[in-house]
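File shown here: target09.tsv, holding TSV, C-alpha atoms and all ligand atoms.
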chain	number	residue	atom	x	y	z
A	1	MET	CA	0.94	16.59	23.57
A	2	THR	CA	-1.63	17.32	20.97
A	3	THR	CA	-4.43	19.30	22.43
A	4	SER	CA	-7.12	20.80	20.33
A	5	LYS	CA	-6.05	24.26	19.40
A	6	ARG	CA	-8.02	27.36	20.11
A	7	ASP	CA	-9.13	29.57	17.29
A	8	TYR	CA	-6.51	32.24	16.61
A	9	TYR	CA	-9.05	35.05	16.57
A	10	GLU	CA	-10.42	33.86	19.87
A	11	VAL	CA	-6.89	33.75	21.31
A	12	LEU	CA	-6.33	37.37	20.37
A	13	GLY	CA	-9.85	38.39	21.29
A	14	ALA	CA	-10.31	39.86	17.83
A	15	ALA	CA	-13.17	39.71	15.36
A	16	ARG	CA	-12.73	37.66	12.19
A	17	ASP	CA	-12.95	40.80	10.11
A	18	ALA	CA	-10.47	42.74	12.27
A	19	THR	CA	-8.14	45.03	10.38
A	20	PRO	CA	-4.37	44.47	10.64
A	21	GLU	CA	-4.28	47.45	12.98
A	22	ASP	CA	-6.96	45.91	15.20
A	23	LEU	CA	-5.11	42.61	15.24
A	24	LYS	CA	-1.93	44.34	16.29
A	25	LYS	CA	-3.73	46.13	19.09
A	26	ALA	CA	-5.37	42.93	20.22
A	27	PHE	CA	-2.04	41.17	20.15
A	28	ARG	CA	-0.35	43.84	22.25
A	29	LYS	CA	-3.08	43.66	24.79
A	30	GLN	CA	-2.89	39.89	25.12
A	31	ALA	CA	0.91	39.80	24.97
A	32	LEU	CA	1.08	42.27	27.82
A	33	LYS	CA	-1.43	40.35	29.81
A	34	TYR	CA	0.42	37.06	29.55
A	35	HIS	CA	4.03	38.03	29.28
A	36	PRO	CA	5.79	35.71	31.76
A	37	ASP	CA	7.81	38.59	33.16
A	38	ARG	CA	4.58	40.17	34.33
A	39	ASN	CA	2.16	37.34	34.71
A	40	LYS	CA	3.22	34.66	37.18
A	41	ALA	CA	0.26	32.38	36.60
A	42	GLU	CA	1.26	28.85	35.80
A	43	ASP	CA	-0.21	28.89	32.33
A	44	ALA	CA	1.04	32.36	31.42
A	45	ASN	CA	3.93	30.99	29.40
A	46	ASP	CA	1.64	28.75	27.36
A	47	ARG	CA	-0.86	31.53	26.88
A	48	PHE	CA	1.85	33.86	25.78
A	49	LYS	CA	3.11	31.37	23.24
A	50	GLU	CA	-0.41	30.84	22.02
A	51	VAL	CA	-0.89	34.58	21.60
A	52	ASN	CA	2.38	34.90	19.72
A	53	GLU	CA	1.57	32.02	17.47
A	54	ALA	CA	-1.84	33.43	16.66
A	55	TYR	CA	-0.39	36.79	15.81
A	56	GLN	CA	2.42	35.32	13.73
A	57	VAL	CA	-0.15	33.72	11.52
A	58	LEU	CA	-2.78	36.46	11.44
A	59	SER	CA	-0.26	39.23	10.80
A	60	ASP	CA	1.05	37.45	7.73
A	61	PRO	CA	-1.45	38.00	4.90
A	62	LYS	CA	-0.61	34.75	3.14
A	63	ARG	CA	-0.84	32.57	6.21
A	64	LYS	CA	-3.87	34.46	7.45
A	65	ALA	CA	-5.68	33.68	4.19
A	66	GLN	CA	-4.69	30.05	4.56
A	67	TYR	CA	-5.91	29.96	8.12
A	68	ASP	CA	-9.17	31.74	7.27
A	69	GLN	CA	-9.90	29.15	4.65
A	70	PHE	CA	-8.66	25.95	6.24
A	71	GLY	CA	-8.27	26.67	9.94
A	72	HIS	CA	-5.52	24.96	11.88
A	73	GLU	CA	-5.54	22.12	9.36
A	74	GLY	CA	-4.21	24.52	6.77
A	75	MET	CA	-1.23	25.49	8.85
A	76	ASN	CA	0.57	22.23	8.32
A	77	GLY	CA	2.04	22.18	11.78
A	78	GLN	CA	4.24	25.13	10.98
A	79	ALA	CA	2.28	27.86	12.63
A	80	GLY	CA	4.13	27.80	15.88
A	81	ARG	CA	7.53	28.12	14.36
A	82	GLY	CA	10.02	29.59	16.73
A	83	PHE	CA	7.88	29.61	19.84
A	84	ASP	CA	9.03	26.52	21.55
A	85	GLY	CA	10.20	28.33	24.58
A	86	PHE	CA	11.90	31.36	25.81
A	87	GLU	CA	15.47	30.30	25.37
A	88	GLY	CA	15.66	32.35	22.22
A	89	PHE	CA	14.28	35.45	23.84
A	90	GLY	CA	15.92	37.84	26.16
A	91	GLY	CA	13.86	40.38	28.02
A	92	PHE	CA	11.26	42.72	26.70
A	93	GLY	CA	13.58	44.45	24.28
A	94	ASP	CA	14.09	41.35	22.22
A	95	ILE	CA	10.43	40.67	22.01
A	96	PHE	CA	9.78	44.13	20.68
A	97	ASP	CA	12.48	43.72	18.15
A	98	SER	CA	11.03	40.51	16.86
A	99	PHE	CA	7.36	41.42	16.94
A	100	PHE	CA	7.10	45.09	16.53
A	101	GLY	CA	9.72	45.13	13.88
A	102	GLY	CA	12.04	47.47	15.76
A	103	SER	CA	12.19	50.16	13.13
A	104	THR	CA	15.90	50.88	13.34
A	105	GLY	CA	18.71	48.56	12.39
A	106	GLN	CA	17.31	45.32	10.99
A	107	GLN	CA	20.32	43.34	12.11
A	108	SER	CA	19.57	40.06	13.78
A	109	ASN	CA	21.64	38.85	16.66
A	110	ARG	CA	21.89	35.27	15.49
A	111	GLY	CA	21.91	33.15	12.36
A	112	ALA	CA	18.76	32.16	10.55
A	113	ASP	CA	16.79	29.10	11.62
A	114	LEU	CA	16.39	26.21	9.22
A	115	GLU	CA	13.34	24.00	8.89
A	116	PHE	CA	13.08	20.49	7.54
A	117	GLN	CA	10.54	17.73	7.41
A	118	ILE	CA	11.43	14.11	8.10
A	119	ASN	CA	8.90	11.36	7.49
A	120	VAL	CA	9.28	8.14	9.40
A	121	SER	CA	7.39	4.86	9.49
A	122	PHE	CA	4.94	4.08	12.26
A	123	ARG	CA	7.35	1.60	13.80
A	124	ASP	CA	10.36	3.90	13.61
A	125	ALA	CA	8.28	6.53	15.35
A	126	ALA	CA	7.46	4.01	18.08
A	127	PHE	CA	11.04	3.02	18.81
A	128	GLY	CA	13.04	5.97	17.57
A	129	VAL	CA	15.47	6.11	14.70
A	130	ALA	CA	18.52	8.04	13.62
A	131	ARG	CA	18.21	9.90	10.34
A	132	GLU	CA	20.70	11.84	8.33
A	133	LEU	CA	19.70	15.27	7.10
A	134	GLU	CA	21.56	16.92	4.28
A	135	LEU	CA	21.68	20.64	4.83
A	136	ASN	CA	23.02	23.35	2.67
A	137	ARG	CA	23.68	26.07	5.16
A	138	MET	CA	25.63	29.22	5.75
A	139	GLU	CA	28.66	28.62	7.88
A	140	ARG	CA	31.53	30.73	9.02
A	141	CYS	CA	34.13	31.11	6.26
A	142	GLU	CA	37.02	28.81	6.98
A	143	ARG	CA	39.64	30.95	5.28
A	144	CYS	CA	39.06	34.14	7.26
A	145	ASP	CA	37.29	32.51	10.23
A	146	GLY	CA	34.47	34.95	9.72
A	147	ASN	CA	36.73	38.00	9.89
A	148	ARG	CA	35.88	38.94	6.30
A	149	SER	CA	39.42	40.19	5.68
A	150	GLU	CA	41.96	38.34	3.64
A	151	PRO	CA	44.22	36.73	6.24
A	152	GLY	CA	47.39	38.75	6.77
A	153	THR	CA	45.97	42.04	5.48
A	154	ASP	CA	45.33	45.20	7.45
A	155	VAL	CA	42.02	46.18	8.92
A	156	ILE	CA	40.87	49.74	9.51
A	157	GLU	CA	38.88	51.28	12.32
A	158	CYS	CA	35.15	51.43	11.71
A	159	SER	CA	34.04	54.94	10.89
A	160	THR	CA	30.55	54.52	12.31
A	161	CYS	CA	31.49	53.50	15.82
A	162	HIS	CA	35.10	54.65	15.79
A	163	GLY	CA	36.34	51.27	16.78
A	164	GLU	CA	33.99	50.85	19.70
A	165	GLY	CA	31.85	48.21	18.06
A	166	LYS	CA	28.74	49.59	19.76
A	167	VAL	CA	26.17	52.23	19.01
A	168	ARG	CA	23.47	53.69	21.23
A	169	ARG	CA	19.95	54.07	20.09
A	170	THR	CA	16.83	55.29	21.74
A	171	GLN	CA	13.76	53.20	21.37
A	172	ARG	CA	10.22	54.31	22.02
A	173	THR	CA	7.78	51.63	22.97
A	174	PHE	CA	4.41	51.81	24.60
A	175	PHE	CA	6.12	51.14	27.93
A	176	GLY	CA	8.08	54.31	27.54
A	177	GLN	CA	11.40	55.23	26.08
A	178	PHE	CA	14.61	53.42	26.68
A	179	GLU	CA	18.09	53.55	25.41
A	180	GLN	CA	19.69	50.51	24.00
A	181	VAL	CA	23.30	49.85	23.29
A	182	THR	CA	23.61	47.55	20.32
A	183	ALA	CA	26.30	46.21	18.09
A	184	CYS	CA	27.41	48.65	15.43
A	185	PRO	CA	25.51	47.83	12.23
A	186	THR	CA	28.39	48.84	10.00
A	187	CYS	CA	31.09	46.62	11.47
A	188	GLU	CA	28.74	44.21	13.24
A	189	GLY	CA	30.37	44.92	16.55
A	190	GLU	CA	33.90	44.30	15.49
A	191	GLY	CA	35.05	47.90	15.55
A	192	GLN	CA	36.91	47.31	12.34
A	193	GLN	CA	36.23	47.47	8.68
A	194	VAL	CA	37.59	45.29	5.97
A	195	LYS	CA	40.24	46.76	3.73
A	196	THR	CA	40.99	43.70	1.64
A	197	ALA	CA	38.10	41.30	1.42
A	198	CYS	CA	38.72	37.61	2.01
A	199	SER	CA	39.31	35.95	-1.33
A	200	HIS	CA	37.26	32.91	-0.43
A	201	CYS	CA	34.05	34.51	0.82
A	202	SER	CA	34.43	37.89	-0.90
A	203	GLY	CA	34.32	39.55	2.48
A	204	ARG	CA	31.01	38.11	3.63
A	205	GLY	CA	32.61	36.08	6.39
A	206	THR	CA	30.32	33.17	5.62
A	207	GLU	CA	30.15	30.46	3.01
A	208	ARG	CA	27.50	27.98	2.01
A	209	ASN	CA	28.38	24.40	2.80
A	210	ALA	CA	26.71	21.05	2.39
A	211	ARG	CA	26.52	19.27	5.73
A	212	LYS	CA	25.16	16.02	6.94
A	213	ILE	CA	23.57	16.14	10.35
A	214	GLU	CA	22.41	13.09	12.21
A	215	VAL	CA	19.04	13.64	13.80
A	216	GLN	CA	18.02	11.29	16.57
A	217	ILE	CA	14.26	10.90	16.36
A	218	PRO	CA	13.05	9.94	19.82
A	219	ALA	CA	10.99	6.85	20.55
A	220	GLY	CA	7.30	7.63	20.88
A	221	VAL	CA	7.40	10.68	18.63
A	222	GLU	CA	4.00	11.78	17.36
A	223	HIS	CA	3.00	13.00	13.94
A	224	GLY	CA	3.47	16.75	13.81
A	225	THR	CA	6.12	16.88	16.53
A	226	LYS	CA	8.70	19.57	16.05
A	227	LEU	CA	12.23	18.89	17.21
A	228	VAL	CA	14.52	21.81	17.89
A	229	ILE	CA	18.22	21.29	17.50
A	230	ARG	CA	19.88	24.33	18.94
A	231	GLY	CA	22.72	25.93	17.05
A	232	GLU	CA	22.47	23.79	13.92
A	233	GLY	CA	20.89	26.50	11.78
A	234	GLU	CA	22.79	29.03	9.75
A	235	SER	CA	25.85	30.80	11.02
A	236	GLY	CA	25.25	34.17	12.61
A	237	GLY	CA	28.67	35.38	11.51
A	238	LYS	CA	31.61	36.13	13.72
A	239	GLY	CA	30.81	36.37	17.39
A	240	LEU	CA	27.12	35.60	16.94
A	241	PRO	CA	25.34	32.37	17.72
A	242	SER	CA	24.03	30.21	14.92
A	243	GLY	CA	20.32	29.77	14.33
A	244	ASP	CA	18.44	26.62	15.24
A	245	LEU	CA	17.40	23.67	13.17
A	246	TYR	CA	13.70	22.77	13.33
A	247	VAL	CA	12.74	19.30	12.25
A	248	HIS	CA	9.06	18.56	11.71
A	249	ILE	CA	8.26	14.90	12.09
A	250	GLY	CA	5.70	13.24	9.87
A	251	VAL	CA	4.61	9.72	10.84
A	252	GLN	CA	3.36	7.50	8.04
A	253	ARG	CA	0.24	5.42	8.41
A	254	ASP	CA	0.71	1.75	9.10
A	255	GLN	CA	-1.09	-1.10	7.32
A	256	VAL	CA	-1.81	-2.89	10.57
A	257	PHE	CA	-1.67	-0.42	13.42
A	258	ALA	CA	-3.23	2.86	14.34
A	259	ARG	CA	-2.27	4.98	17.30
A	260	ARG	CA	-4.34	6.47	20.09
A	261	GLY	CA	-2.21	8.19	22.68
A	262	ASN	CA	0.48	5.63	23.39
A	263	ASP	CA	-1.80	2.69	22.68
A	264	VAL	CA	-1.72	0.89	19.36
A	265	LEU	CA	-4.97	-0.32	17.91
A	266	MET	CA	-5.55	-3.15	15.47
A	267	THR	CA	-8.26	-5.45	14.23
A	268	ALA	CA	-7.90	-9.23	14.05
A	269	GLU	CA	-10.29	-11.64	12.42
A	270	VAL	CA	-11.70	-14.66	14.23
A	271	ASN	CA	-13.77	-17.24	12.39
A	272	MET	CA	-17.21	-17.90	13.78
A	273	ALA	CA	-16.41	-21.38	15.01
A	274	MET	CA	-13.49	-20.15	17.08
A	275	ALA	CA	-15.53	-17.23	18.35
A	276	ALA	CA	-18.08	-19.70	19.65
A	277	LEU	CA	-15.70	-22.38	20.90
A	278	GLY	CA	-12.72	-20.28	21.95
A	279	GLY	CA	-9.13	-20.78	20.85
A	280	ILE	CA	-5.88	-19.03	20.17
A	281	ILE	CA	-4.98	-16.58	17.42
A	282	ASN	CA	-1.64	-15.15	16.48
A	283	VAL	CA	-1.50	-11.38	16.12
A	284	GLU	CA	1.21	-9.01	15.05
A	285	THR	CA	2.68	-6.61	17.58
A	286	LEU	CA	5.23	-3.86	17.10
A	287	GLU	CA	7.86	-6.47	17.93
A	288	GLY	CA	7.00	-9.76	16.29
A	289	SER	CA	3.82	-11.75	16.72
A	290	ILE	CA	2.17	-13.13	19.81
A	291	ASP	CA	-0.56	-15.66	20.65
A	292	ILE	CA	-3.67	-14.41	22.36
A	293	ASP	CA	-6.60	-16.31	23.81
A	294	VAL	CA	-10.03	-16.02	22.35
A	295	GLU	CA	-12.60	-16.85	25.00
A	296	PRO	CA	-15.54	-19.12	24.13
A	297	GLY	CA	-18.53	-17.02	23.18
A	298	THR	CA	-16.53	-14.06	21.92
A	299	GLN	CA	-18.69	-11.46	20.20
A	300	SER	CA	-17.61	-9.42	17.25
A	301	GLY	CA	-16.13	-6.13	18.49
A	302	ALA	CA	-14.71	-7.57	21.71
A	303	VAL	CA	-11.36	-5.96	22.58
A	304	LYS	CA	-8.30	-7.76	23.94
A	305	ARG	CA	-5.64	-5.75	25.69
A	306	ILE	CA	-1.97	-6.71	25.47
A	307	ARG	CA	-0.27	-4.80	28.27
A	308	SER	CA	2.84	-2.74	27.52
A	309	ALA	CA	2.95	-3.71	23.86
A	310	GLY	CA	2.20	-0.16	22.77
A	311	ILE	CA	4.31	2.89	22.14
A	312	PRO	CA	6.83	4.22	24.67
A	313	GLN	CA	5.91	7.54	26.23
A	314	MET	CA	8.22	10.01	24.52
A	315	GLY	CA	11.05	11.10	26.75
A	316	THR	CA	10.55	8.49	29.46
A	317	GLY	CA	12.36	5.75	27.61
A	318	GLY	CA	10.37	2.96	29.17
A	319	ARG	CA	6.72	3.31	30.09
A	320	ARG	CA	4.70	1.94	27.21
A	321	GLY	CA	1.09	2.03	26.17
A	322	ASP	CA	-0.92	-1.11	25.48
A	323	GLN	CA	-1.97	-2.86	22.32
A	324	LEU	CA	-5.70	-3.13	21.84
A	325	VAL	CA	-6.92	-5.85	19.52
A	326	GLU	CA	-10.46	-5.62	18.30
A	327	LEU	CA	-11.76	-9.04	17.38
A	328	LYS	CA	-13.91	-9.19	14.31
A	329	VAL	CA	-15.96	-12.33	13.97
A	330	VAL	CA	-16.05	-13.37	10.34
A	331	ILE	CA	-19.00	-15.21	8.83
A	332	PRO	CA	-17.78	-17.21	5.82
A	333	LYS	CA	-19.23	-16.12	2.51
A	334	LYS	CA	-18.63	-19.49	0.90
A	335	LEU	CA	-18.84	-22.95	2.45
A	336	ASP	CA	-17.85	-26.26	0.99
A	337	ASP	CA	-20.25	-29.19	1.10
A	338	GLN	CA	-18.90	-30.58	4.32
A	339	GLN	CA	-19.05	-27.24	6.09
A	340	THR	CA	-22.58	-26.67	4.84
A	341	ALA	CA	-23.62	-30.05	6.19
A	342	LEU	CA	-22.00	-29.36	9.54
A	343	LEU	CA	-23.64	-26.01	9.86
A	344	GLN	CA	-27.00	-27.41	8.91
A	345	GLU	CA	-26.59	-29.95	11.62
A	346	LEU	CA	-25.67	-27.17	14.02
A	347	ALA	CA	-28.64	-25.11	12.94
A	348	GLU	CA	-30.94	-28.04	13.62
A	349	SER	CA	-29.40	-28.52	17.05
A	350	PHE	CA	-30.21	-24.91	17.82
A	351	GLY	CA	-33.78	-25.71	16.89
A	352	LEU	CA	-34.03	-22.53	14.89
A	353	GLU	CA	-37.34	-21.75	13.34
A	354	ARG	CA	-37.19	-20.65	9.78
A	355	VAL	CA	-37.90	-17.00	9.37
A	356	SER	CA	-41.22	-16.53	7.67
A	357	GLU	CA	-40.63	-15.73	4.04
A	358	ASN	CA	-43.44	-13.27	3.72
A	359	SER	CA	-42.83	-11.51	6.98
A	360	ASN	CA	-45.35	-8.80	7.42
A	361	ASP	CA	-43.62	-7.01	10.21
A	362	GLN	CA	-44.22	-3.38	9.31
A	363	GLY	CA	-42.16	-2.17	12.26
A	364	LEU	CA	-39.15	-4.09	11.03
A	365	PHE	CA	-39.49	-2.72	7.51
A	366	ASP	CA	-39.78	0.78	8.89
A	367	ARG	CA	-36.55	0.38	10.78
A	368	PHE	CA	-34.70	-0.63	7.64
A	369	LYS	CA	-36.32	1.90	5.37
A	370	ASP	CA	-34.08	4.73	6.53
A	371	ALA	CA	-31.00	2.68	5.95
A	372	PHE	CA	-32.01	1.93	2.37
A	373	ARG	CA	-32.81	5.52	1.74
A	374	GLY	CA	-29.37	6.42	2.98
A	375	GLU	CA	-27.86	4.11	0.43
A	376	ASP	CA	-29.99	5.52	-2.36
A	377	SER	CA	-28.87	9.04	-1.72
A	378	ARG	CA	-25.26	7.98	-1.66
A	379	ALA	CA	-25.49	6.26	-5.01
B	401	ZN	ZN	36.37	34.48	4.23
B	402	ZN	ZN	31.44	49.98	13.77

Kindly present the structure from the file in structure tokens form.
Amino acid sequence: MTTSKRDYYEVLGAARDATPEDLKKAFRKQALKYHPDRNKAEDANDRFKEVNEAYQVLSDPKRKAQYDQFGHEGMNGQAGRGFDGFEGFGGFGDIFDSFFGGSTGQQSNRGADLEFQINVSFRDAAFGVARELELNRMERCERCDGNRSEPGTDVIECSTCHGEGKVRRTQRTFFGQFEQVTACPTCEGEGQQVKTACSHCSGRGTERNARKIEVQIPAGVEHGTKLVIRGEGESGGKGLPSGDLYVHIGVQRDQVFARRGNDVLMTAEVNMAMAALGGIINVETLEGSIDIDVEPGTQSGAVKRIRSAGIPQMGTGGRRGDQLVELKVVIPKKLDDQQTALLQELAESFGLERVSENSNDQGLFDRFKDAFRGEDSRA
């Protein structure tokens, strides 16, 4: 769903000239208010995401500058990165770690996320398409299986955690103080240290590999949609989950069709004789062409609706929008002799009076004056 986005400053309840400190305070206040663990209102989750997104952007000087100058347009659909839902978050502790930059131990508990952009045609977006993405990502080293030690060599007990793999730390937050048990930063929870580093990965436990991933782009996808493919990001190392793969979908413009919701819009030309007499025209649809009736007396701008010829609602796999065809009545700019004669005959049958050549209708001139002025100023 694309809904118009609220201004980030408004979301945080902060002034446009707020200092970073003010923004942080405003963010904390709003985050507390809407955190789904505390706020059971139906929209709390959405509000919370909105608050997070706003703060992500406004707390980053580069993106803030971009936003200040260009607004949401300048964010290129990337502002909300990582806030698709709460699957990635645990309880409060995790949120503090990610947003308040938990001052101790920078270790992350999963691999990095990857982001890509895939552009698809209008029609592929309508019906879905499979695309191959070539990634170059960190994966677990195959030789040591992420153990970092050369296979067959000894390992030694970690001196930081004495083989326990865990360390305790006390964290102070504005909710109070609590103790956390986390993986040992030295051995990354393994309780062991490498004596002889793996010859393939030099003891990192990871290696960079080129991979091809098939991404199924769902039917009905809209421009700016972000797909999340869990676990296809970079390796988190031994015992840790991989990051996610984010795919931003760009939908190219079509020569014939435009989209409004799940309806497709197009314009078709009807010559003036058919508009008056009625007839049949052939129009393109997303799947081949189709004949549609033009009723006698059709006016330019009339809209014909072709039911269920539009775009499938994403995720439902069936229900489709309609195709709306705007009929544009075309007056020929050139006529051959026969056509001229026919039209003259028609004109006479209408009994049209010739418009006076020196019309003195001041009211009429006045009405057109503005239009001409508009053209002058544009030139
Ligand atoms: Zn290795
Ligand atoms: Zn350790």

Protein, DNA and RNA residues within 12 Å of (0.1, 45.6, 18.3), all atoms listed in the file, as a PyMOL selection string: chain A and resi 12+14+19-32+51-52+55-56+58-59+96+99-101+173-174

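For the choices A:Cys144, A:Ile213, A:Cys158, A:Ala197, the atom-to-atom distance to ligand ZN 401 (chain B) is smallest for A:Cys144 when using only C-alpha atoms and all ligand atoms.
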
Given 6 Å and all atoms listed in the file, residues near ligand ZN 401 (chain B) as a ChimeraX atom specification: /A:141,143-144,146,148,198,200-201,203,205

Surroundings of ligand ZN 402 (chain B) up to 10 Å, based on all atoms listed in the file, as a ChimeraX atom specification: /A:157-167,183-193

Shortest interatomic distance to Val294 (chain A) - which of A:Asp263, A:Glu326, A:Glu53, A:Glu73, counting all atoms listed in the file: A:Glu326

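Nearest residue to Lys226 (chain A) among A:Ala276, A:Ile118, A:Ala347, A:Val283 is A:Ile118, counting all atoms listed in the file.
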
Pairwise distance for CA of Asp124 (chain A) and CA of Glu287 (chain A), rounded to one decimal in Å: 11.5 Å

Shell around Gly297 (chain A) at 10 Å using only C-alpha atoms, local window under 6 positions removed, as JSON, numbers by chain: {"A": [272, 273, 274, 275, 276, 277, 278]}
